[in-house]
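S.K.: Compact mmCIF, C-alpha atoms, saved as start.txt, coming up:
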# COMPACT_ATOMS: atom_id res chain seq x y z
CA MET A 1 0.00 0.00 0.00
CA THR A 2 1.43 3.37 -1.07
CA ASP A 3 1.57 6.47 1.10
CA SER A 4 -1.12 8.15 -0.98
CA GLN A 5 -3.45 5.20 -0.46
CA LYS A 6 -2.82 5.30 3.29
CA TRP A 7 -3.62 9.02 3.41
CA LEU A 8 -6.74 8.38 1.33
CA ILE A 9 -7.96 5.78 3.83
CA PHE A 10 -7.21 8.12 6.74
CA ALA A 11 -9.10 10.95 5.03
CA PHE A 12 -12.04 8.65 4.34
CA ILE A 13 -12.22 7.63 8.04
CA ALA A 14 -11.94 11.27 9.18
CA VAL A 15 -14.68 12.46 6.82
CA GLY A 16 -16.87 9.52 7.83
CA ALA A 17 -16.50 10.35 11.54
CA TRP A 18 -17.26 14.03 10.81
CA LEU A 19 -20.41 13.10 8.86
CA ILE A 20 -21.55 10.77 11.66
CA TYR A 21 -21.11 13.62 14.13
CA LEU A 22 -23.16 15.99 11.96
CA LEU A 23 -25.89 13.48 11.09
CA ALA A 24 -26.16 11.81 14.52
CA PRO A 25 -29.85 12.72 15.08
CA VAL A 26 -30.80 11.40 11.63
CA LEU A 27 -28.68 8.25 11.84
CA MET A 28 -29.91 7.19 15.30
CA PRO A 29 -33.03 5.24 14.16
CA PHE A 30 -31.01 3.57 11.38
CA ALA A 31 -28.27 2.52 13.83
CA PHE A 32 -30.87 1.19 16.26
CA ALA A 33 -32.60 -0.70 13.45
CA ALA A 34 -29.26 -2.14 12.29
CA MET A 35 -28.58 -3.39 15.81
CA LEU A 36 -31.98 -5.11 15.94
CA ALA A 37 -31.41 -6.62 12.50
CA TYR A 38 -27.99 -7.89 13.59
CA LEU A 39 -29.55 -9.54 16.64
CA GLY A 40 -32.30 -11.16 14.57
CA ASP A 41 -30.23 -12.29 11.56
CA PRO A 42 -29.00 -15.60 13.08
CA LEU A 43 -32.59 -16.58 13.94
CA ALA A 44 -33.70 -15.82 10.41
CA ASP A 45 -30.80 -17.86 9.02
CA ARG A 46 -31.76 -20.74 11.29
CA LEU A 47 -35.37 -20.65 10.08
CA GLU A 48 -34.16 -20.74 6.46
CA THR A 49 -32.62 -24.14 7.17
CA TYR A 50 -36.19 -25.40 7.74
CA HIS A 51 -37.04 -24.60 4.09
CA LEU A 52 -38.67 -21.24 4.82
CA SER A 53 -38.06 -18.38 2.41
CA ARG A 54 -36.02 -15.42 3.60
CA THR A 55 -39.09 -13.20 3.67
CA SER A 56 -41.12 -15.74 5.66
CA SER A 57 -38.26 -16.22 8.11
CA VAL A 58 -37.93 -12.46 8.58
CA ILE A 59 -41.68 -12.11 9.15
CA VAL A 60 -41.54 -14.76 11.89
CA VAL A 61 -38.49 -13.18 13.58
CA PHE A 62 -39.91 -9.66 13.24
CA SER A 63 -43.24 -10.78 14.73
CA VAL A 64 -41.50 -12.44 17.68
CA MET A 65 -39.39 -9.33 18.34
CA THR A 66 -42.47 -7.11 18.17
CA LEU A 67 -44.39 -9.42 20.51
CA ILE A 68 -41.55 -9.38 23.05
CA LEU A 69 -41.39 -5.58 22.93
CA VAL A 70 -45.15 -5.28 23.42
CA LEU A 71 -45.07 -7.70 26.36
CA ILE A 72 -42.25 -5.71 27.95
CA LEU A 73 -44.19 -2.48 27.58
CA LEU A 74 -47.45 -3.97 28.85
CA LEU A 75 -46.14 -6.19 31.65
CA LEU A 76 -42.69 -5.17 32.84
CA VAL A 77 -42.86 -1.38 32.61
CA PRO A 78 -45.98 -0.96 34.82
CA GLN A 79 -44.56 -3.42 37.36
CA LEU A 80 -41.22 -1.63 37.45
CA GLU A 81 -42.99 1.71 37.84
CA TYR A 82 -45.06 0.29 40.71
CA GLN A 83 -42.01 -1.13 42.47
CA ILE A 84 -40.04 2.11 42.11
CA ALA A 85 -42.98 4.06 43.56
CA ARG A 86 -43.22 1.53 46.38
CA PHE A 87 -39.52 1.85 47.11
CA ILE A 88 -39.83 5.64 47.35
CA SER A 89 -42.87 5.41 49.62
CA ASN A 90 -41.01 2.98 51.92
CA LEU A 91 -37.98 5.26 52.29
CA PRO A 92 -39.07 6.45 55.77
CA ALA A 93 -39.24 2.81 56.94
CA TYR A 94 -35.79 2.13 55.46
CA ALA A 95 -34.34 5.19 57.16
CA ALA A 96 -35.92 4.21 60.48
CA TRP A 97 -34.46 0.70 60.22
CA LEU A 98 -31.01 2.14 59.49
CA ASN A 99 -31.26 4.49 62.48
CA GLN A 100 -32.55 1.85 64.89
CA THR A 101 -30.59 -1.22 63.78
CA VAL A 102 -27.65 -0.67 61.45
CA ILE A 103 -26.19 2.56 62.84
CA PRO A 104 -26.25 1.44 66.54
CA TRP A 105 -24.64 -1.87 65.56
CA ALA A 106 -21.92 -0.08 63.57
CA GLN A 107 -21.30 2.34 66.43
CA GLN A 108 -20.97 -0.49 68.94
CA GLN A 109 -19.08 -3.09 66.91
CA LEU A 110 -16.90 -0.90 64.68
CA ASP A 111 -16.53 2.13 66.95
CA LEU A 112 -17.74 4.47 64.22
CA ASP A 113 -19.29 7.87 64.80
CA ILE A 114 -22.24 7.88 62.38
CA LYS A 115 -24.94 10.50 62.52
CA PRO A 116 -28.52 9.19 62.35
CA ILE A 117 -30.38 9.78 59.11
CA GLU A 118 -32.90 12.61 59.40
CA ILE A 119 -36.07 11.09 57.96
CA ASN A 120 -37.89 14.40 57.52
CA GLU A 121 -34.93 15.94 55.72
CA LEU A 122 -34.69 12.88 53.47
CA ILE A 123 -38.38 13.13 52.62
CA ASP A 124 -38.06 16.86 51.92
CA VAL A 125 -35.13 16.23 49.58
CA PHE A 126 -37.09 13.65 47.61
CA LYS A 127 -40.15 15.88 47.52
CA SER A 128 -38.14 18.82 46.21
CA HIS A 129 -36.44 16.69 43.56
CA TRP A 130 -39.75 15.11 42.63
CA GLN A 131 -41.30 18.55 42.20
CA LYS A 132 -38.33 19.67 40.10
CA ALA A 133 -38.65 16.55 37.97
CA GLY A 134 -42.34 17.25 37.55
CA GLY A 135 -41.60 20.85 36.58
CA ILE A 136 -39.02 19.74 34.05
CA ALA A 137 -41.44 17.19 32.61
CA ALA A 138 -44.16 19.84 32.36
CA THR A 139 -41.74 22.23 30.63
CA VAL A 140 -40.69 19.53 28.16
CA MET A 141 -44.29 18.59 27.42
CA ASN A 142 -45.25 22.24 26.90
CA SER A 143 -42.29 22.70 24.58
CA LEU A 144 -43.27 19.60 22.63
CA SER A 145 -46.88 20.70 22.41
CA ARG A 146 -45.77 24.05 20.96
CA SER A 147 -43.47 22.45 18.41
CA GLY A 148 -45.25 20.28 15.90
CA ALA A 149 -41.99 19.71 14.05
CA VAL A 150 -40.39 18.07 17.10
CA ILE A 151 -43.36 15.76 17.58
CA ALA A 152 -43.40 14.89 13.87
CA ALA A 153 -39.66 14.11 13.92
CA TRP A 154 -40.04 11.96 17.04
CA LEU A 155 -42.94 9.99 15.54
CA MET A 156 -41.06 9.62 12.25
CA ASN A 157 -38.06 8.12 14.05
CA LEU A 158 -40.35 5.81 16.00
CA LEU A 159 -42.00 4.58 12.81
CA LEU A 160 -38.72 4.34 10.92
CA ILE A 161 -37.14 1.85 13.32
CA PRO A 162 -39.47 -1.13 12.64
CA VAL A 163 -39.61 -0.40 8.89
CA VAL A 164 -35.83 -0.13 8.51
CA THR A 165 -35.34 -3.16 10.78
CA PHE A 166 -37.58 -5.30 8.58
CA TYR A 167 -35.84 -4.35 5.33
CA LEU A 168 -32.34 -4.65 6.79
CA LEU A 169 -33.19 -8.04 8.25
CA ARG A 170 -34.62 -9.23 4.93
CA ASP A 171 -31.65 -8.03 2.85
CA TRP A 172 -28.86 -8.55 5.42
CA ASP A 173 -27.10 -11.34 3.50
CA LYS A 174 -27.40 -9.40 0.22
CA LEU A 175 -25.90 -6.28 1.80
CA VAL A 176 -22.94 -8.27 3.13
CA ALA A 177 -22.42 -9.86 -0.30
CA ASN A 178 -22.59 -6.48 -2.05
CA ILE A 179 -20.01 -5.01 0.32
CA TYR A 180 -17.73 -7.97 -0.40
CA ASP A 181 -18.11 -7.41 -4.16
CA LEU A 182 -17.01 -3.78 -3.77
CA LEU A 183 -13.75 -4.69 -2.03
CA PRO A 184 -10.55 -4.67 -4.11
CA ARG A 185 -9.74 -8.28 -4.94
CA ARG A 186 -6.23 -7.91 -3.54
CA ILE A 187 -7.42 -7.15 0.00
CA ALA A 188 -10.70 -9.10 -0.08
CA PRO A 189 -9.36 -12.26 1.70
CA THR A 190 -7.76 -10.19 4.50
CA ALA A 191 -10.89 -8.04 4.85
CA VAL A 192 -13.10 -11.12 5.06
CA LYS A 193 -10.82 -12.61 7.73
CA LEU A 194 -10.94 -9.42 9.78
CA ALA A 195 -14.71 -9.08 9.32
CA THR A 196 -15.20 -12.68 10.44
CA GLU A 197 -13.21 -12.04 13.62
CA VAL A 198 -15.12 -8.80 14.28
CA ASN A 199 -18.40 -10.64 13.84
CA SER A 200 -17.19 -13.35 16.22
CA VAL A 201 -16.38 -10.76 18.88
CA LEU A 202 -19.68 -8.95 18.40
CA ALA A 203 -21.65 -12.18 18.38
CA ALA A 204 -19.95 -13.27 21.59
CA PHE A 205 -20.82 -10.05 23.38
CA VAL A 206 -23.73 -8.25 21.70
CA ARG A 207 -25.79 -11.31 20.81
CA GLY A 208 -24.69 -13.86 23.36
CA GLN A 209 -24.24 -11.58 26.35
CA PHE A 210 -27.49 -9.77 25.56
CA TYR A 211 -29.42 -13.04 25.80
CA VAL A 212 -27.48 -13.98 28.96
CA MET A 213 -28.43 -10.64 30.54
CA LEU A 214 -32.12 -11.15 29.75
CA ALA A 215 -32.05 -14.72 31.04
CA LEU A 216 -30.29 -13.72 34.28
CA GLY A 217 -32.74 -10.87 34.82
CA GLY A 218 -35.61 -13.34 34.53
CA ILE A 219 -33.94 -15.92 36.79
CA TYR A 220 -33.14 -13.39 39.51
CA SER A 221 -36.59 -11.79 39.34
CA ILE A 222 -38.46 -15.11 39.54
CA GLY A 223 -36.19 -16.43 42.30
CA LEU A 224 -36.55 -13.30 44.44
CA TRP A 225 -40.31 -13.29 43.80
CA ILE A 226 -40.48 -16.86 45.14
CA THR A 227 -38.68 -15.73 48.30
CA GLY A 228 -41.43 -13.12 48.79
CA LEU A 229 -39.33 -10.01 48.19
CA ASP A 230 -41.45 -7.00 47.27
CA LEU A 231 -38.84 -5.45 44.97
CA ALA A 232 -38.05 -8.72 43.19
CA LEU A 233 -38.60 -7.50 39.62
CA LEU A 234 -36.73 -4.23 40.09
CA ILE A 235 -33.69 -5.84 41.74
CA GLY A 236 -33.66 -8.81 39.34
CA MET A 237 -33.76 -6.62 36.22
CA VAL A 238 -31.03 -4.30 37.53
CA ALA A 239 -28.81 -7.28 38.38
CA GLY A 240 -29.41 -8.79 34.95
CA LEU A 241 -28.72 -5.57 33.05
CA VAL A 242 -25.36 -4.91 34.73
CA SER A 243 -24.20 -8.51 34.38
CA PHE A 244 -22.30 -7.68 31.17
CA VAL A 245 -19.39 -7.14 33.58
CA PRO A 246 -18.53 -10.55 35.11
CA TYR A 247 -19.78 -10.93 38.69
CA LEU A 248 -20.90 -7.28 38.86
CA GLY A 249 -24.55 -8.20 38.33
CA ALA A 250 -24.46 -10.80 41.08
CA ILE A 251 -22.66 -8.45 43.49
CA VAL A 252 -25.02 -5.53 42.87
CA GLY A 253 -28.06 -7.78 42.99
CA ILE A 254 -27.18 -9.62 46.16
CA VAL A 255 -26.32 -6.38 48.01
CA MET A 256 -29.61 -4.76 46.96
CA ALA A 257 -31.62 -7.91 47.66
CA CYS A 258 -30.06 -8.45 51.10
CA LEU A 259 -30.75 -4.86 52.13
CA ALA A 260 -34.32 -5.07 50.85
CA ALA A 261 -34.87 -8.41 52.64
CA LEU A 262 -33.51 -7.10 55.95
CA VAL A 263 -35.74 -4.04 55.77
CA GLN A 264 -38.83 -5.95 54.66
CA PHE A 265 -38.60 -9.05 56.89
CA GLN A 266 -36.49 -7.70 59.79
CA ASP A 267 -34.89 -11.14 60.05
CA ALA A 268 -31.45 -12.28 58.86
CA VAL A 269 -32.82 -15.77 58.16
CA TYR A 270 -34.29 -14.46 54.90
CA LEU A 271 -30.79 -13.73 53.62
CA ILE A 272 -30.30 -17.46 53.07
CA PRO A 273 -32.91 -17.87 50.27
CA VAL A 274 -31.67 -14.61 48.70
CA ALA A 275 -28.11 -15.96 48.63
CA ILE A 276 -29.38 -19.27 47.17
CA VAL A 277 -31.12 -17.39 44.32
CA PHE A 278 -27.91 -15.68 43.24
CA MET A 279 -25.84 -18.84 43.72
CA VAL A 280 -28.24 -20.72 41.42
CA GLY A 281 -28.14 -17.82 38.93
CA GLN A 282 -24.33 -17.80 38.85
CA ALA A 283 -24.21 -21.57 38.49
CA LEU A 284 -26.68 -21.49 35.57
CA GLU A 285 -24.73 -18.66 33.94
CA GLY A 286 -21.42 -20.51 34.16
CA MET A 287 -22.61 -24.02 33.27
CA VAL A 288 -25.58 -23.41 30.94
CA LEU A 289 -26.19 -19.86 29.72
CA THR A 290 -22.67 -18.73 28.78
CA PRO A 291 -21.61 -22.02 27.09
CA LEU A 292 -24.94 -22.21 25.23
CA LEU A 293 -25.43 -18.57 24.20
CA VAL A 294 -21.88 -17.19 24.08
CA GLY A 295 -19.76 -20.28 23.53
CA ASP A 296 -15.98 -20.19 23.58
CA LYS A 297 -15.66 -17.00 21.52
CA ILE A 298 -13.48 -14.29 23.00
CA GLY A 299 -15.54 -11.18 23.62
CA LEU A 300 -14.56 -7.69 24.64
CA HIS A 301 -12.94 -7.13 28.02
CA PRO A 302 -15.44 -5.63 30.50
CA VAL A 303 -13.24 -2.55 31.04
CA ALA A 304 -13.05 -2.03 27.27
CA VAL A 305 -16.84 -2.29 27.06
CA ILE A 306 -17.39 0.33 29.77
CA PHE A 307 -14.84 2.71 28.25
CA ALA A 308 -16.22 2.26 24.72
CA VAL A 309 -19.79 2.98 25.79
CA LEU A 310 -18.80 6.07 27.84
CA ALA A 311 -16.51 7.42 25.10
CA GLY A 312 -19.10 6.85 22.39
CA GLY A 313 -21.76 8.62 24.42
CA GLN A 314 -19.43 11.56 25.12
CA LEU A 315 -18.46 11.98 21.45
CA PHE A 316 -21.67 11.19 19.55
CA GLY A 317 -24.46 11.00 22.14
CA PHE A 318 -26.91 8.10 22.00
CA LEU A 319 -25.76 7.21 18.48
CA GLY A 320 -22.24 6.83 19.85
CA ILE A 321 -23.52 4.41 22.49
CA LEU A 322 -25.09 2.26 19.75
CA LEU A 323 -21.92 2.36 17.64
CA ALA A 324 -19.50 1.91 20.54
CA LEU A 325 -19.37 -1.89 20.59
CA PRO A 326 -19.02 -2.42 16.82
CA VAL A 327 -16.23 0.18 16.64
CA ALA A 328 -14.53 -1.27 19.72
CA SER A 329 -14.71 -4.75 18.17
CA VAL A 330 -13.07 -3.52 14.97
CA ILE A 331 -10.33 -1.73 16.94
CA MET A 332 -9.73 -4.82 19.09
CA VAL A 333 -9.37 -7.11 16.07
CA LEU A 334 -7.01 -4.64 14.35
CA LEU A 335 -4.91 -4.33 17.50
CA ARG A 336 -4.76 -8.12 17.76
CA HIS A 337 -3.45 -8.38 14.20
CA ALA A 338 -1.04 -5.49 14.78
CA HIS A 339 0.24 -7.37 17.83
CA ASP A 340 0.79 -10.51 15.73
CA ILE A 341 2.62 -8.51 13.06
CA TYR A 342 4.81 -6.91 15.71
CA ARG A 343 5.67 -10.30 17.26
CA ASP A 344 6.67 -11.61 13.83
CA SER A 345 8.71 -8.53 12.93
CA VAL A 346 12.47 -8.28 12.87
CA PHE A 347 12.31 -5.40 15.34
CA TYR A 348 10.85 -7.72 17.99
CA SER A 349 12.70 -10.97 17.31
CA LYS A 350 16.16 -9.74 16.39
CA GLN A 351 18.62 -10.08 19.27
So that I can check it, write out the structure of this file as structure tokens.
M.R.:
Amino acid sequence: MTDSQKWLIFAFIAVGAWLIYLLAPVLMPFAFAAMLAYLGDPLADRLETYHLSRTSSVIVVFSVMTLILVLILLLLVPQLEYQIARFISNLPAYAAWLNQTVIPWAQQQLDLDIKPIEINELIDVFKSHWQKAGGIAATVMNSLSRSGAVIAAWLMNLLLIPVVTFYLLRDWDKLVANIYDLLPRRIAPTAVKLATEVNSVLAAFVRGQFYVMLALGGIYSIGLWITGLDLALLIGMVAGLVSFVPYLGAIVGIVMACLAALVQFQDAVYLIPVAIVFMVGQALEGMVLTPLLVGDKIGLHPVAVIFAVLAGGQLFGFLGILLALPVASVIMVLLRHAHDIYRDSVFYSKQ
């Protein structure tokens, strides 16, 4: 590759990043639709092996995805809203339990000087923030009601996502083949190798870990519900969603669940079933969910995932969050190949 070709590639990447930055609001529904199509493509490919046409397979996958979304909106969202409201209403009881049980124990056993929590002040803080949130919401709604263009753009994006998802899912294999046909024949084998590794990394994390997170959220929620915990769904979903970092979901979940159980039941015996729920969840994740859904593919390091998501959000907003993992996967694969080239170079091996 000549120097002019290298500068041309660099200029192409720079112009592409600049255009993404400028067109971020317009590209957001397309990026979200592409992510959904990427998640659904393996299922559509699997259905094609049962002698269904591509269009029929896509209709089945699209219908299942739509049904899951509707069920989440109709079942989970109201329950989560109810449990959050219940948690806020129980804050005085939580504060009283901390003042009467936890703080005296810490003062006696650990010799710590901890001031009791002022319940009235805590309630006033939440009331003031709640009123501010309500005022902000009212201001936003008034602004939206005065701007028909904003509402029209929002509805257009909402309608674009399912339409673009359907067409991308239907033509996914054709799009990949067309991109391959556009590649210079000299670099096509290397590009295909790199793209295959990128897809392996993305599949291991985005697809596999996404399904693991959903499964763990369901397992934790059902298990905590069986133990009788009031905030079972809220704690289970939070633990499942943060489980993309190994052991973080279990740690966050078990701390939240133990605190909620102590406040609700006032008895340490109830910590045993809570611990069993998370032990069972971790065992299922290690022995069943991860081998079945993720396999032995090497995904992104958890620290790299956190940094990529935060950096993408800082640079490009919500669009950057959607593009963070694909870009991080490409960078990781390129760095891996650069590492191999360096290890095979004369500069590294020559004594």
S.K.: By how many Å are atom CA of Met287 of chain A and atom CA of Pro42 of chain A apart?
M.R.: 22.8 Å
S.K.: Separation of atom CA of Leu71 of chain A and atom CA of Ile226 of chain A, in Å?
M.R.: 21.4 Å
S.K.: What's the 6 Å shell around segment 311-313 of chain A, counting all atoms listed in the file, without same-chain residues fewer than 6 positions away, as a list in words?
M.R.: Gly320, Ile321 and Ala324 of chain A
S.K.: From the list A:Phe318, A:Trp97, A:Tyr167, A:Tyr38, which residue is nearest Val26 of chain A when using only C-alpha atoms?
M.R.: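 Between A:Phe318, A:Trp97, A:Tyr167, A:Tyr38, the residue approaching Val26 of chain A most closely is A:Phe318.
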S.K.: Please compute the atom CA of Thr196 of chain A-atom CA of Ala177 of chain A distance, one decimal, in Å.
M.R.: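 Interatomic distance, atom CA of Thr196 of chain A to atom CA of Ala177 of chain A: 13.2 Å.
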S.K.: So, counting all atoms listed in the file, which residue among A:Ala232, A:Phe62, A:Ser53, A:Gln266 is closest to Ala96 of chain A?
M.R.: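 So, comparing all the options, the nearest one is A:Gln266.
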S.K.: Just checking: using all atoms listed in the file, which residue out of A:Gln79, A:Thr227, A:Thr101, A:Ser4 ends up closest to Val269 of chain A?
M.R.: A:Thr227
